[in-house]
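A quick write-up on the structure given underneath.
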Amino acid sequence: MTSTDDFLSPYPTARRHSRFELKFPVSLNFESQGVVRELQAVSENVSIKGLLLKVRDRVPPRTSVSLTMEVRGPWFHRPVRLVAKGVVVRSEPLRTADGFALAIECQRPLVEMKIAEDAEARISGTRNLSEAI
């Protein structure tokens with residue numbers, strides 16, 4: 001039984017992209033009622049086009065989000081921060097624990113923060129980081 005068995009889901013298990021069970025901290029930012037909120041989450045699995053996260057609070061489907069995932073481990077010389085923008089495509093209560101499972105579809109694949117910052121520096125002053133990635 002894997003940790004993804006904790007989730008209730010009526011959705012098919014066939015996927016277009018391979019998913020990897022990676023558990024790393026994720027910071028999720030989104031607007032709710034005119035206020036920018038930040039939630040701490042943990043990734044359950046990651047694919048080229050999205051993530052499945054565990055969070056304490058519900059985030060409604062179709063909510064636009066930006067996220068930062070910090071990847072660490074003995075195979076890295078330093079922590080790597082990955083960033084992405086996406087949308088919540090599914091929000092479901094966890095079966096065996098408090099909190100929710102959030103499926104996030106990324107607009108583009110996750111990219112290292114340093115690469116995103118370099119892309120922002122190359123773009124003229126009218127665009128921001130969120131448009132660059």
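For the structure tokens, the naming scheme is as follows: chains receive sequential letters (A, B, ...) according to their order of presentation, residues are indexed from 1 within each chain, and ligands are indexed from 1 in presentation order.
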Would you mind listing what lies within 12 Å of Leu39 (chain A) as a JSON list (two decimals) with C-alpha atoms, in the first residue's frame, with only C-alpha atoms counted and same-chain residues fewer than 6 positions away left out?
```json
[["chain", "number", "residue", "atom", "x", "y", "z"],
["A", 25, "PRO", "CA", 8.48, 20.55, 1.00],
["A", 26, "VAL", "CA", 6.43, 22.83, -1.23],
["A", 27, "SER", "CA", 5.38, 26.42, -0.63],
["A", 28, "LEU", "CA", 2.10, 27.20, -2.40],
["A", 29, "ASN", "CA", 0.94, 30.80, -3.01],
["A", 30, "PHE", "CA", -2.47, 31.84, -4.34],
["A", 31, "GLU", "CA", -5.02, 34.62, -4.09],
["A", 32, "SER", "CA", -8.13, 34.06, -2.00],
["A", 53, "LEU", "CA", 0.41, 17.64, -2.84],
["A", 54, "LYS", "CA", -0.74, 17.07, 0.73],
["A", 55, "VAL", "CA", -1.93, 20.28, 2.42],
["A", 56, "ARG", "CA", -3.82, 21.11, 5.61],
["A", 57, "ASP", "CA", -6.30, 23.57, 4.05],
["A", 58, "ARG", "CA", -8.56, 23.14, 1.05],
["A", 59, "VAL", "CA", -7.78, 25.10, -2.11],
["A", 65, "VAL", "CA", -1.13, 28.99, -7.87],
["A", 66, "SER", "CA", 2.60, 29.57, -7.85],
["A", 67, "LEU", "CA", 4.79, 27.09, -6.05],
["A", 68, "THR", "CA", 8.32, 26.56, -4.88],
["A", 99, "GLY", "CA", -5.92, 17.70, 5.19],
["A", 100, "PHE", "CA", -6.42, 17.57, 1.48],
["A", 102, "LEU", "CA", -4.30, 18.84, -4.31]]
```
Need to verify the contact set: region 88-96 of chain A, 6 Å, only C-alpha atoms, exclusion of same-chain residues closer than 4 positions in sequence. Can you return it as a short mmCIF file (atom, residue, chain, number, x, y, z; two decimals) with N, CA and C atoms, in the first residue's frame?
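Now in out.cif:
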```cif
data_model
loop_
_atom_site.label_atom_id
_atom_site.label_comp_id
_atom_site.auth_asym_id
_atom_site.auth_seq_id
_atom_site.Cartn_x
_atom_site.Cartn_y
_atom_site.Cartn_z
N ASP A 6 -3.88 6.76 0.27
CA ASP A 6 -4.58 7.59 1.25
C ASP A 6 -5.62 8.49 0.59
N PHE A 7 -5.57 8.64 -0.74
CA PHE A 7 -6.42 9.57 -1.43
C PHE A 7 -7.64 8.88 -2.01
N PRO A 61 -10.71 23.95 -6.69
CA PRO A 61 -10.30 23.70 -8.07
C PRO A 61 -10.37 24.99 -8.89
N ARG A 62 -9.55 25.07 -9.91
CA ARG A 62 -9.43 26.21 -10.83
C ARG A 62 -8.73 27.40 -10.19
N THR A 63 -8.15 27.25 -8.99
CA THR A 63 -7.37 28.31 -8.37
C THR A 63 -5.99 28.35 -9.00
N PHE A 100 -5.89 17.75 2.82
CA PHE A 100 -6.42 17.57 1.48
C PHE A 100 -5.32 17.15 0.51
N ALA A 101 -5.73 16.49 -0.54
CA ALA A 101 -4.85 16.19 -1.66
C ALA A 101 -5.15 17.20 -2.75
N LEU A 102 -4.13 17.88 -3.23
CA LEU A 102 -4.30 18.84 -4.31
C LEU A 102 -3.53 18.35 -5.53
N ALA A 103 -4.22 18.26 -6.65
CA ALA A 103 -3.56 17.96 -7.91
C ALA A 103 -3.36 19.29 -8.62
N ILE A 104 -2.10 19.59 -8.93
CA ILE A 104 -1.75 20.84 -9.60
C ILE A 104 -1.27 20.53 -11.01
#
```
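You will find CA of Lys85 (chain A) at 7.3 Å from CA of Arg108 (chain A).
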Check: Looking at only C-alpha atoms, which of A:Leu51, A:Glu112, A:Glu21, A:Val36 is the one that sits closest to Leu82 (chain A)?
Finding: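 Among A:Leu51, A:Glu112, A:Glu21, A:Val36, it is A:Glu112 that comes nearest to Leu82 (chain A).
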Notebook entry, point to check: What separation in Å, quoted to one decimal, exists between CA of Ala84 (chain A) and CA of Pro60 (chain A)?
Noted result: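 Computed distance, CA of Ala84 (chain A) to CA of Pro60 (chain A), equals 18.3 Å.
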Margin query: I want to know what sits within 9 Å of Asn45 (chain A), based on only C-alpha atoms, with residues of the same chain fewer than 3 positions away left out; could you give that as a list in words?
Written below: Thr4, Arg19, Phe20, Glu21, Leu22, Lys23, Gly50, Leu51, Leu52 and Leu53 of chain A
Notebook entry, point to check: Near Val80 (chain A), within 8 Å and counting only C-alpha atoms, which residues show up once chain neighbours fewer than 3 positions away are dropped, as a PyMOL selection string?
Noted result: chain A and resi 70-72+76+112-113
Restricting the output to N, CA and C atoms, write the selected residues as a PDB file, in the first residue's frame.
```pdb
ATOM      1  N   GLU A  70      11.431  22.687  -2.637  1.00  0.00           N
ATOM      2  CA  GLU A  70      12.833  22.599  -2.250  1.00  0.00           C
ATOM      3  C   GLU A  70      13.264  21.141  -2.247  1.00  0.00           C
ATOM      4  N   VAL A  71      14.189  20.820  -3.147  1.00  0.00           N
ATOM      5  CA  VAL A  71      14.682  19.460  -3.307  1.00  0.00           C
ATOM      6  C   VAL A  71      16.031  19.357  -2.602  1.00  0.00           C
ATOM      7  N   ARG A  72      16.131  18.430  -1.660  1.00  0.00           N
ATOM      8  CA  ARG A  72      17.389  18.209  -0.932  1.00  0.00           C
ATOM      9  C   ARG A  72      17.641  16.715  -0.834  1.00  0.00           C
ATOM     10  N   PHE A  76      22.715  15.940  -3.636  1.00  0.00           N
ATOM     11  CA  PHE A  76      22.847  17.342  -4.020  1.00  0.00           C
ATOM     12  C   PHE A  76      23.905  18.018  -3.162  1.00  0.00           C
ATOM     13  N   GLU A 112      14.413  25.239 -12.236  1.00  0.00           N
ATOM     14  CA  GLU A 112      15.205  25.686 -11.100  1.00  0.00           C
ATOM     15  C   GLU A 112      15.063  27.198 -10.949  1.00  0.00           C
ATOM     16  N   MET A 113      14.938  27.672  -9.700  1.00  0.00           N
ATOM     17  CA  MET A 113      14.715  29.082  -9.430  1.00  0.00           C
ATOM     18  C   MET A 113      15.791  29.953 -10.063  1.00  0.00           C
TER      19      MET A 113
END
```
